>>> print(open('data_3.tsv').read())   # TSV, C-alpha atoms
chain	number	residue	atom	x	y	z
A	1	MET	CA	21.45	8.30	0.13
A	2	VAL	CA	25.01	7.23	-0.45
A	3	VAL	CA	25.58	3.50	-0.12
A	4	LEU	CA	28.97	2.05	0.69
A	5	GLU	CA	30.33	-0.93	-1.26
A	6	ARG	CA	29.18	-3.36	1.41
A	7	GLY	CA	25.61	-2.07	1.00
A	8	GLU	CA	25.35	0.00	4.18
A	9	PRO	CA	23.90	3.53	4.01
A	10	CYS	CA	26.33	6.34	4.67
A	11	GLU	CA	24.52	8.13	7.50
A	12	GLU	CA	26.29	11.47	7.30
A	13	PHE	CA	24.81	12.14	3.86
A	14	ALA	CA	21.13	11.50	4.74
A	15	PRO	CA	20.39	15.10	5.88
A	16	PHE	CA	22.21	16.37	2.79
A	17	GLY	CA	19.91	14.28	0.58
A	18	ALA	CA	16.77	15.75	2.13
A	19	THR	CA	18.16	19.26	1.74
A	20	VAL	CA	19.08	18.71	-1.90
A	21	ALA	CA	15.64	17.28	-2.69
A	22	ALA	CA	13.88	20.22	-1.02
A	23	GLY	CA	16.19	22.66	-2.83
A	24	TYR	CA	15.43	21.03	-6.17
A	25	LEU	CA	11.68	21.24	-5.56
A	26	HIS	CA	11.98	24.89	-4.54
A	27	ALA	CA	14.08	25.69	-7.62
A	28	SER	CA	11.41	23.99	-9.74
A	29	GLY	CA	8.86	26.48	-8.47
A	30	LEU	CA	7.18	24.31	-5.84
A	31	PRO	CA	6.87	25.82	-2.37
A	32	VAL	CA	8.51	23.53	0.18
A	33	ARG	CA	7.65	23.96	3.84
A	34	PHE	CA	9.05	21.77	6.58
A	35	THR	CA	10.63	22.12	9.98
A	36	ALA	CA	14.20	21.20	10.85
A	37	LYS	CA	12.79	18.50	13.14
A	38	GLU	CA	10.80	16.95	10.28
A	39	ALA	CA	13.88	16.87	8.06
A	40	ALA	CA	16.04	15.42	10.84
A	41	ASP	CA	13.44	12.77	11.70
A	42	LEU	CA	13.14	11.77	8.05
A	43	ALA	CA	16.93	11.57	7.67
A	44	ASP	CA	17.25	9.50	10.86
A	45	GLN	CA	14.59	7.03	9.73
A	46	VAL	CA	16.18	6.68	6.29
A	47	SER	CA	19.65	6.22	7.81
A	48	ALA	CA	18.33	3.55	10.15
A	49	GLY	CA	16.78	1.70	7.21
A	50	HIS	CA	13.24	2.00	8.61
A	51	LEU	CA	11.77	3.52	5.44
A	52	ASP	CA	11.57	2.37	1.86
A	53	VAL	CA	12.08	4.73	-1.07
A	54	ARG	CA	8.39	5.69	-1.21
A	55	ALA	CA	8.26	7.15	2.32
A	56	PRO	CA	10.70	10.05	1.71
A	57	ALA	CA	8.93	10.74	-1.59
A	58	THR	CA	5.61	10.91	0.27
A	59	ALA	CA	7.10	13.27	2.87
A	60	LEU	CA	8.49	15.56	0.15
A	61	LYS	CA	5.10	15.58	-1.57
A	62	GLU	CA	3.41	16.56	1.70
A	63	TRP	CA	5.96	19.31	2.28
A	64	THR	CA	5.23	20.81	-1.15
A	65	GLU	CA	1.46	20.73	-0.59
A	66	ARG	CA	1.69	22.97	2.48
A	67	SER	CA	1.00	26.44	1.21
>>> encode(input="data_3.tsv", output="structure tokens")
Amino acid sequence: MVVLERGEPCEEFAPFGATVAAGYLHASGLPVRFTAKEAADLADQVSAGHLDVRAPATALKEWTERS
């Protein structure tokens, strides 16, 4: 997540962050399986400030365990 100087999240980069994280896991040899809706929901919740840093990490872990 990109944060502006005043401390507000930059919403347009939230989906990009989820995509980069999933791409990194895939490149590391971990299968990553998720739907576009799951990624969008996660990005929306992060952008809205409803999740702490552990929640996206948990979602990514769950997405890699689906095989």
>>> closest_residue(input="data_3.tsv", among="A:Glu65, A:Gln45, A:His50, A:Pro56", to="Thr19 in chain A", atoms="all atoms listed in the file")
A:Pro56
>>> residues_around(input="data_3.tsv", residues="range 27-43 of chain A", least_positions_apart="2", cutoff="9 Å", atoms="only C-alpha atoms", output="PDB file with C-alpha atoms, keeping the file's coordinate frame")
ATOM      1  CA  GLU A  11      24.520   8.130   7.500  1.00  0.00           C
ATOM      2  CA  PHE A  13      24.810  12.140   3.860  1.00  0.00           C
ATOM      3  CA  ALA A  14      21.130  11.500   4.740  1.00  0.00           C
ATOM      4  CA  PRO A  15      20.390  15.100   5.880  1.00  0.00           C
ATOM      5  CA  PHE A  16      22.210  16.370   2.790  1.00  0.00           C
ATOM      6  CA  GLY A  17      19.910  14.280   0.580  1.00  0.00           C
ATOM      7  CA  ALA A  18      16.770  15.750   2.130  1.00  0.00           C
ATOM      8  CA  THR A  19      18.160  19.260   1.740  1.00  0.00           C
ATOM      9  CA  ALA A  22      13.880  20.220  -1.020  1.00  0.00           C
ATOM     10  CA  GLY A  23      16.190  22.660  -2.830  1.00  0.00           C
ATOM     11  CA  TYR A  24      15.430  21.030  -6.170  1.00  0.00           C
ATOM     12  CA  LEU A  25      11.680  21.240  -5.560  1.00  0.00           C
ATOM     13  CA  GLN A  45      14.590   7.030   9.730  1.00  0.00           C
ATOM     14  CA  VAL A  46      16.180   6.680   6.290  1.00  0.00           C
ATOM     15  CA  SER A  47      19.650   6.220   7.810  1.00  0.00           C
ATOM     16  CA  ALA A  48      18.330   3.550  10.150  1.00  0.00           C
ATOM     17  CA  LEU A  51      11.770   3.520   5.440  1.00  0.00           C
ATOM     18  CA  ALA A  55       8.260   7.150   2.320  1.00  0.00           C
ATOM     19  CA  PRO A  56      10.700  10.050   1.710  1.00  0.00           C
ATOM     20  CA  ALA A  59       7.100  13.270   2.870  1.00  0.00           C
ATOM     21  CA  LEU A  60       8.490  15.560   0.150  1.00  0.00           C
ATOM     22  CA  LYS A  61       5.100  15.580  -1.570  1.00  0.00           C
ATOM     23  CA  GLU A  62       3.410  16.560   1.700  1.00  0.00           C
ATOM     24  CA  TRP A  63       5.960  19.310   2.280  1.00  0.00           C
ATOM     25  CA  THR A  64       5.230  20.810  -1.150  1.00  0.00           C
ATOM     26  CA  GLU A  65       1.460  20.730  -0.590  1.00  0.00           C
ATOM     27  CA  ARG A  66       1.690  22.970   2.480  1.00  0.00           C
ATOM     28  CA  SER A  67       1.000  26.440   1.210  1.00  0.00           C
TER      29      SER A  67
END
>>> axis_aligned_box(input="data_3.tsv", around="range 28-42 of chain A", padding_each_side="4 Å", output="AutoDock Vina command-line options")
--center_x 11.5 --center_y 19.1 --center_z 1.7 --size_x 17.2 --size_y 22.7 --size_z 30.9
>>> decode(input="data_3.tsv", residues="range 16-31 of chain A", atoms="all heavy atoms", output="PDB file, in the first residue's frame")
ATOM      1  N   PHE A  16      -2.955  -3.250  -7.114  1.00  0.00           N
ATOM      2  CA  PHE A  16      -1.606  -3.501  -7.614  1.00  0.00           C
ATOM      3  C   PHE A  16      -0.781  -4.247  -6.568  1.00  0.00           C
ATOM      4  O   PHE A  16      -0.057  -5.182  -6.891  1.00  0.00           O
ATOM      5  CB  PHE A  16      -0.938  -2.175  -7.980  1.00  0.00           C
ATOM      6  CG  PHE A  16       0.480  -2.329  -8.435  1.00  0.00           C
ATOM      7  CD1 PHE A  16       0.767  -2.836  -9.687  1.00  0.00           C
ATOM      8  CD2 PHE A  16       1.535  -1.957  -7.614  1.00  0.00           C
ATOM      9  CE1 PHE A  16       2.078  -2.985 -10.119  1.00  0.00           C
ATOM     10  CE2 PHE A  16       2.846  -2.094  -8.036  1.00  0.00           C
ATOM     11  CZ  PHE A  16       3.114  -2.608  -9.286  1.00  0.00           C
ATOM     12  N   GLY A  17      -0.928  -3.867  -5.308  1.00  0.00           N
ATOM     13  CA  GLY A  17      -0.185  -4.524  -4.225  1.00  0.00           C
ATOM     14  C   GLY A  17      -0.544  -5.994  -4.100  1.00  0.00           C
ATOM     15  O   GLY A  17       0.335  -6.850  -3.940  1.00  0.00           O
ATOM     16  N   ALA A  18      -1.826  -6.309  -4.185  1.00  0.00           N
ATOM     17  CA  ALA A  18      -2.256  -7.708  -4.109  1.00  0.00           C
ATOM     18  C   ALA A  18      -1.726  -8.505  -5.288  1.00  0.00           C
ATOM     19  O   ALA A  18      -1.284  -9.649  -5.139  1.00  0.00           O
ATOM     20  CB  ALA A  18      -3.782  -7.792  -4.055  1.00  0.00           C
ATOM     21  N   THR A  19      -1.721  -7.901  -6.459  1.00  0.00           N
ATOM     22  CA  THR A  19      -1.215  -8.571  -7.659  1.00  0.00           C
ATOM     23  C   THR A  19       0.285  -8.820  -7.568  1.00  0.00           C
ATOM     24  O   THR A  19       0.768  -9.904  -7.919  1.00  0.00           O
ATOM     25  CB  THR A  19      -1.534  -7.730  -8.908  1.00  0.00           C
ATOM     26  OG1 THR A  19      -2.941  -7.517  -8.958  1.00  0.00           O
ATOM     27  CG2 THR A  19      -1.087  -8.419 -10.170  1.00  0.00           C
ATOM     28  N   VAL A  20       1.019  -7.844  -7.082  1.00  0.00           N
ATOM     29  CA  VAL A  20       2.474  -7.994  -6.934  1.00  0.00           C
ATOM     30  C   VAL A  20       2.789  -9.087  -5.919  1.00  0.00           C
ATOM     31  O   VAL A  20       3.667  -9.928  -6.155  1.00  0.00           O
ATOM     32  CB  VAL A  20       3.136  -6.660  -6.527  1.00  0.00           C
ATOM     33  CG1 VAL A  20       4.580  -6.862  -6.122  1.00  0.00           C
ATOM     34  CG2 VAL A  20       3.037  -5.664  -7.666  1.00  0.00           C
ATOM     35  N   ALA A  21       2.077  -9.100  -4.795  1.00  0.00           N
ATOM     36  CA  ALA A  21       2.313 -10.129  -3.779  1.00  0.00           C
ATOM     37  C   ALA A  21       2.036 -11.524  -4.331  1.00  0.00           C
ATOM     38  O   ALA A  21       2.830 -12.449  -4.128  1.00  0.00           O
ATOM     39  CB  ALA A  21       1.454  -9.857  -2.548  1.00  0.00           C
ATOM     40  N   ALA A  22       0.920 -11.677  -5.042  1.00  0.00           N
ATOM     41  CA  ALA A  22       0.592 -12.983  -5.636  1.00  0.00           C
ATOM     42  C   ALA A  22       1.624 -13.375  -6.683  1.00  0.00           C
ATOM     43  O   ALA A  22       2.034 -14.539  -6.768  1.00  0.00           O
ATOM     44  CB  ALA A  22      -0.801 -12.946  -6.241  1.00  0.00           C
ATOM     45  N   GLY A  23       2.079 -12.408  -7.476  1.00  0.00           N
ATOM     46  CA  GLY A  23       3.108 -12.685  -8.485  1.00  0.00           C
ATOM     47  C   GLY A  23       4.415 -13.122  -7.853  1.00  0.00           C
ATOM     48  O   GLY A  23       5.084 -14.037  -8.342  1.00  0.00           O
ATOM     49  N   TYR A  24       4.784 -12.488  -6.757  1.00  0.00           N
ATOM     50  CA  TYR A  24       6.014 -12.860  -6.046  1.00  0.00           C
ATOM     51  C   TYR A  24       5.910 -14.282  -5.503  1.00  0.00           C
ATOM     52  O   TYR A  24       6.846 -15.069  -5.635  1.00  0.00           O
ATOM     53  CB  TYR A  24       6.275 -11.872  -4.904  1.00  0.00           C
ATOM     54  CG  TYR A  24       7.466 -12.243  -4.070  1.00  0.00           C
ATOM     55  CD1 TYR A  24       8.754 -11.944  -4.499  1.00  0.00           C
ATOM     56  CD2 TYR A  24       7.316 -12.925  -2.865  1.00  0.00           C
ATOM     57  CE1 TYR A  24       9.857 -12.303  -3.745  1.00  0.00           C
ATOM     58  CE2 TYR A  24       8.420 -13.284  -2.104  1.00  0.00           C
ATOM     59  CZ  TYR A  24       9.682 -12.973  -2.550  1.00  0.00           C
ATOM     60  OH  TYR A  24      10.769 -13.333  -1.800  1.00  0.00           O
ATOM     61  N   LEU A  25       4.779 -14.615  -4.904  1.00  0.00           N
ATOM     62  CA  LEU A  25       4.597 -15.971  -4.377  1.00  0.00           C
ATOM     63  C   LEU A  25       4.655 -17.000  -5.497  1.00  0.00           C
ATOM     64  O   LEU A  25       5.290 -18.050  -5.352  1.00  0.00           O
ATOM     65  CB  LEU A  25       3.269 -16.071  -3.623  1.00  0.00           C
ATOM     66  CG  LEU A  25       3.202 -15.290  -2.319  1.00  0.00           C
ATOM     67  CD1 LEU A  25       1.771 -15.236  -1.807  1.00  0.00           C
ATOM     68  CD2 LEU A  25       4.131 -15.899  -1.281  1.00  0.00           C
ATOM     69  N   HIS A  26       4.013 -16.697  -6.619  1.00  0.00           N
ATOM     70  CA  HIS A  26       4.036 -17.614  -7.766  1.00  0.00           C
ATOM     71  C   HIS A  26       5.460 -17.784  -8.287  1.00  0.00           C
ATOM     72  O   HIS A  26       5.904 -18.904  -8.573  1.00  0.00           O
ATOM     73  CB  HIS A  26       3.110 -17.093  -8.868  1.00  0.00           C
ATOM     74  CG  HIS A  26       3.093 -17.950 -10.077  1.00  0.00           C
ATOM     75  ND1 HIS A  26       2.450 -19.171 -10.112  1.00  0.00           N
ATOM     76  CD2 HIS A  26       3.667 -17.790 -11.289  1.00  0.00           C
ATOM     77  CE1 HIS A  26       2.624 -19.712 -11.297  1.00  0.00           C
ATOM     78  NE2 HIS A  26       3.354 -18.897 -12.034  1.00  0.00           N
ATOM     79  N   ALA A  27       6.187 -16.680  -8.414  1.00  0.00           N
ATOM     80  CA  ALA A  27       7.577 -16.752  -8.889  1.00  0.00           C
ATOM     81  C   ALA A  27       8.465 -17.516  -7.928  1.00  0.00           C
ATOM     82  O   ALA A  27       9.474 -18.093  -8.329  1.00  0.00           O
ATOM     83  CB  ALA A  27       8.125 -15.343  -9.109  1.00  0.00           C
ATOM     84  N   SER A  28       8.089 -17.542  -6.654  1.00  0.00           N
ATOM     85  CA  SER A  28       8.854 -18.272  -5.643  1.00  0.00           C
ATOM     86  C   SER A  28       8.530 -19.756  -5.636  1.00  0.00           C
ATOM     87  O   SER A  28       9.066 -20.513  -4.834  1.00  0.00           O
ATOM     88  CB  SER A  28       8.572 -17.688  -4.253  1.00  0.00           C
ATOM     89  OG  SER A  28       8.999 -16.354  -4.192  1.00  0.00           O
ATOM     90  N   GLY A  29       7.618 -20.166  -6.522  1.00  0.00           N
ATOM     91  CA  GLY A  29       7.294 -21.580  -6.628  1.00  0.00           C
ATOM     92  C   GLY A  29       6.072 -22.004  -5.843  1.00  0.00           C
ATOM     93  O   GLY A  29       5.758 -23.190  -5.782  1.00  0.00           O
ATOM     94  N   LEU A  30       5.366 -21.056  -5.232  1.00  0.00           N
ATOM     95  CA  LEU A  30       4.155 -21.398  -4.494  1.00  0.00           C
ATOM     96  C   LEU A  30       2.941 -21.204  -5.397  1.00  0.00           C
ATOM     97  O   LEU A  30       2.787 -20.152  -6.007  1.00  0.00           O
ATOM     98  CB  LEU A  30       4.012 -20.497  -3.255  1.00  0.00           C
ATOM     99  CG  LEU A  30       5.084 -20.668  -2.194  1.00  0.00           C
ATOM    100  CD1 LEU A  30       4.951 -19.576  -1.143  1.00  0.00           C
ATOM    101  CD2 LEU A  30       4.971 -22.037  -1.542  1.00  0.00           C
ATOM    102  N   PRO A  31       2.078 -22.207  -5.492  1.00  0.00           N
ATOM    103  CA  PRO A  31       0.873 -22.028  -6.297  1.00  0.00           C
ATOM    104  C   PRO A  31      -0.054 -21.034  -5.607  1.00  0.00           C
ATOM    105  O   PRO A  31      -0.273 -21.108  -4.400  1.00  0.00           O
ATOM    106  CB  PRO A  31       0.244 -23.424  -6.342  1.00  0.00           C
ATOM    107  CG  PRO A  31       0.756 -24.099  -5.120  1.00  0.00           C
ATOM    108  CD  PRO A  31       2.124 -23.526  -4.864  1.00  0.00           C
TER     109      PRO A  31
END
